[in-house]
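Working notes for the structure below.
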Amino acid sequence: TASASAVIDFTTGISSTYDEYEVHIVAAVPATNNSSLYMRVSEDGGSTFKAGATDYTNIQNIIQGGVNNPSEANDVGINVGATCSSTASDGGWCGKVSIFTPSNATRKKMFKPSMGGHRSGTGMNDLTGTSRYNLTSNAINAIRFLASAGNITSGDFYLYGVKKS
């Protein structure tokens with residue numbers, strides 16, 4: 001649960017137990033108006049989180065006010081939530097991020113965000129896409145969520161493992 005939090009970290013719970021994990025985000029409100037929500041990964045249990053300018057590639061489709069804004073770019077994190085209002089009554093970011101085979105050490109990691117929110121005074125947005133961690137094929141075992149500017153005022157983050165069949 002966020003409470004004026006600079007970051008939300010999951011440093012336990014991600015292992016080879018599941019091939020897929022989901023993080024559900026409910027009513028996460030940024031402290032700074034029109035901030036975006038990012039996710040970063042760690043290969044060392046959360047001692048360091050990767051944040052280089054080309055560590056991640058995001059291909060996204062962001063619909064804002066009925067206008068489609070597709071893009072592909074390298075970034076300092078996985079963009080999981082488009083710009084969002086800092087007014088709690090607007091609802092914050094709501095959605096989920098799927099994480100695929102985080103413990104597999106033979107291929108690069110893929111992520112699938114699906115998140116909606118309300119932009120300050122300008123209507124709704126919806127972000128869907130696919131992202132990749134570019135640096136290594138090493139296992140990832142921790143993740144971090146942070147706003148592009150300021151803290152996360154409030155909201156809940158839940159980590160789920162998707163059962164192997």
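Residue numbering restarts at 1 for every chain of the structure tokens, chains are lettered A, B, ... in their displayed order, and ligands are numbered from 1 as they appear.
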Residue neighbourhood Gly66 in chain A, 12 Å, only C-alpha atoms, exclusion window fewer than 4 positions, as a ChimeraX atom specification: /A:61-62,122-126
Who sits within 8 Å of Ile140 in chain A, only C-alpha atoms, same chain under 5 positions skipped, as a count of residues only: 8
Secondary structure check, strand (DSSP E or B) residues of chain A, as an MDAnalysis selection string: chainID A and resid 2:5 8:10 20:30 35:42 56:64 67:75 78:84 93:100 110:119 123:133 142:147 152:162
Selection to disk with C-alpha atoms, as a JSON list (two decimals), in the first residue's frame:
```json
[["chain", "number", "residue", "atom", "x", "y", "z"],
["A", 2, "ALA", "CA", 1.38, 3.39, -1.03],
["A", 3, "SER", "CA", 1.35, 6.26, 1.43],
["A", 4, "ALA", "CA", 3.42, 9.21, 0.15],
["A", 5, "SER", "CA", 5.84, 6.52, -1.11],
["A", 8, "ILE", "CA", 6.78, 0.45, -4.13],
["A", 9, "ASP", "CA", 9.15, -2.54, -4.10],
["A", 10, "PHE", "CA", 8.52, -6.27, -4.33],
["A", 20, "GLU", "CA", 3.95, -15.67, -15.07],
["A", 21, "TYR", "CA", 3.28, -13.03, -12.44],
["A", 22, "GLU", "CA", 0.74, -10.24, -12.39],
["A", 23, "VAL", "CA", 0.80, -7.03, -10.42],
["A", 24, "HIS", "CA", -2.64, -5.50, -9.99],
["A", 25, "ILE", "CA", -2.63, -1.77, -9.27],
["A", 26, "VAL", "CA", -5.72, -0.22, -7.71],
["A", 27, "ALA", "CA", -6.29, 3.54, -7.37],
["A", 28, "ALA", "CA", -2.60, 4.51, -7.27],
["A", 29, "VAL", "CA", -2.51, 8.33, -7.19],
["A", 30, "PRO", "CA", 0.62, 10.34, -8.03],
["A", 35, "SER", "CA", 3.03, 11.95, -13.79],
["A", 36, "SER", "CA", 3.47, 8.57, -15.47],
["A", 37, "LEU", "CA", 3.96, 5.26, -13.65],
["A", 38, "TYR", "CA", 7.13, 3.24, -14.28],
["A", 39, "MET", "CA", 8.33, -0.22, -13.30],
["A", 40, "ARG", "CA", 11.99, -1.26, -13.01],
["A", 41, "VAL", "CA", 13.59, -4.66, -12.45],
["A", 42, "SER", "CA", 16.40, -6.04, -10.28],
["A", 56, "TYR", "CA", 13.97, -1.06, -21.47],
["A", 57, "THR", "CA", 12.07, -0.86, -24.74],
["A", 58, "ASN", "CA", 8.38, 0.07, -24.66],
["A", 59, "ILE", "CA", 6.00, -0.27, -27.58],
["A", 60, "GLN", "CA", 2.72, 1.28, -26.53],
["A", 61, "ASN", "CA", -0.65, 2.35, -27.63],
["A", 62, "ILE", "CA", -1.92, 5.20, -25.47],
["A", 63, "ILE", "CA", -5.45, 6.39, -26.13],
["A", 64, "GLN", "CA", -6.07, 9.84, -24.65],
["A", 67, "VAL", "CA", -6.94, 9.99, -29.83],
["A", 68, "ASN", "CA", -4.63, 7.05, -30.50],
["A", 69, "ASN", "CA", -0.94, 7.78, -29.75],
["A", 70, "PRO", "CA", 1.21, 4.74, -30.64],
["A", 71, "SER", "CA", 4.94, 4.88, -29.87],
["A", 72, "GLU", "CA", 8.08, 2.76, -29.54],
["A", 73, "ALA", "CA", 11.08, 3.96, -27.57],
["A", 74, "ASN", "CA", 13.85, 3.03, -25.18],
["A", 75, "ASP", "CA", 13.42, 4.34, -21.64],
["A", 78, "ILE", "CA", 8.74, 0.12, -18.25],
["A", 79, "ASN", "CA", 5.99, 2.69, -18.76],
["A", 80, "VAL", "CA", 2.97, 1.00, -17.17],
["A", 81, "GLY", "CA", 0.70, 4.00, -16.63],
["A", 82, "ALA", "CA", 0.17, 7.07, -18.81],
["A", 83, "THR", "CA", -0.08, 10.57, -17.34],
["A", 84, "CYS", "CA", -2.48, 10.66, -14.40],
["A", 93, "TRP", "CA", -4.01, 4.40, -12.06],
["A", 94, "CYS", "CA", -5.92, 1.12, -12.25],
["A", 95, "GLY", "CA", -4.87, -1.99, -14.14],
["A", 96, "LYS", "CA", -2.25, -4.70, -14.22],
["A", 97, "VAL", "CA", 1.20, -5.64, -15.46],
["A", 98, "SER", "CA", 1.99, -9.19, -16.56],
["A", 99, "ILE", "CA", 5.57, -10.43, -16.10],
["A", 100, "PHE", "CA", 6.61, -13.45, -18.15],
["A", 110, "MET", "CA", 8.87, -9.44, -21.51],
["A", 111, "PHE", "CA", 6.12, -7.45, -19.80],
["A", 112, "LYS", "CA", 2.56, -6.57, -20.76],
["A", 113, "PRO", "CA", 1.04, -3.48, -19.10],
["A", 114, "SER", "CA", -2.66, -2.65, -19.31],
["A", 115, "MET", "CA", -3.53, 0.46, -17.32],
["A", 116, "GLY", "CA", -6.11, 3.23, -17.31],
["A", 117, "GLY", "CA", -6.36, 6.55, -15.54],
["A", 118, "HIS", "CA", -7.66, 10.10, -15.65],
["A", 119, "ARG", "CA", -5.50, 12.97, -16.88],
["A", 123, "GLY", "CA", -10.23, 13.15, -19.69],
["A", 124, "MET", "CA", -9.30, 9.51, -19.58],
["A", 125, "ASN", "CA", -6.35, 7.56, -20.93],
["A", 126, "ASP", "CA", -5.66, 3.91, -21.60],
["A", 127, "LEU", "CA", -2.19, 2.39, -21.98],
["A", 128, "THR", "CA", -1.60, -1.05, -23.45],
["A", 129, "GLY", "CA", 1.64, -2.38, -24.81],
["A", 130, "THR", "CA", 4.57, -4.73, -24.63],
["A", 131, "SER", "CA", 7.89, -3.98, -22.97],
["A", 132, "ARG", "CA", 11.24, -5.71, -22.72],
["A", 133, "TYR", "CA", 14.18, -5.56, -20.32],
["A", 142, "ALA", "CA", 12.54, -7.95, -7.65],
["A", 143, "ILE", "CA", 10.49, -5.12, -9.17],
["A", 144, "ARG", "CA", 9.94, -1.47, -8.30],
["A", 145, "PHE", "CA", 7.14, 0.95, -9.14],
["A", 146, "LEU", "CA", 7.67, 4.72, -9.12],
["A", 147, "ALA", "CA", 6.09, 7.87, -10.50],
["A", 152, "ILE", "CA", 2.87, 7.89, -5.06],
["A", 153, "THR", "CA", 0.35, 9.42, -2.64],
["A", 154, "SER", "CA", -1.88, 6.38, -2.21],
["A", 155, "GLY", "CA", -2.97, 3.12, -3.83],
["A", 156, "ASP", "CA", -2.62, -0.63, -3.55],
["A", 157, "PHE", "CA", -0.22, -2.95, -5.40],
["A", 158, "TYR", "CA", -0.84, -6.72, -5.35],
["A", 159, "LEU", "CA", 1.57, -9.41, -6.63],
["A", 160, "TYR", "CA", 0.06, -12.68, -7.90],
["A", 161, "GLY", "CA", 1.68, -15.81, -9.32],
["A", 162, "VAL", "CA", -0.18, -17.46, -12.19]]
```
Between CA of Gly121 in chain A and CA of Gly150 in chain A - distance in Å to one decimal: 19.2 Å
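With distances restricted to only C-alpha atoms, A:Asn151 is the closest residue to Ala6 in chain A from A:Thr106, A:Ser120, A:Thr32, A:Asn151.
For the pair CA of Gly52 in chain A and CA of Leu135 in chain A, the separation is 9.4 Å.
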Between CA of Lys108 in chain A and CA of Gly46 in chain A, distance in Å (one decimal): 18.4 Å
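With only C-alpha atoms as the atoms that count, the minimum distance from Lys109 in chain A to the choices A:Asn134, A:Ser165, A:Asn141, A:Thr12 is reached by A:Asn134.
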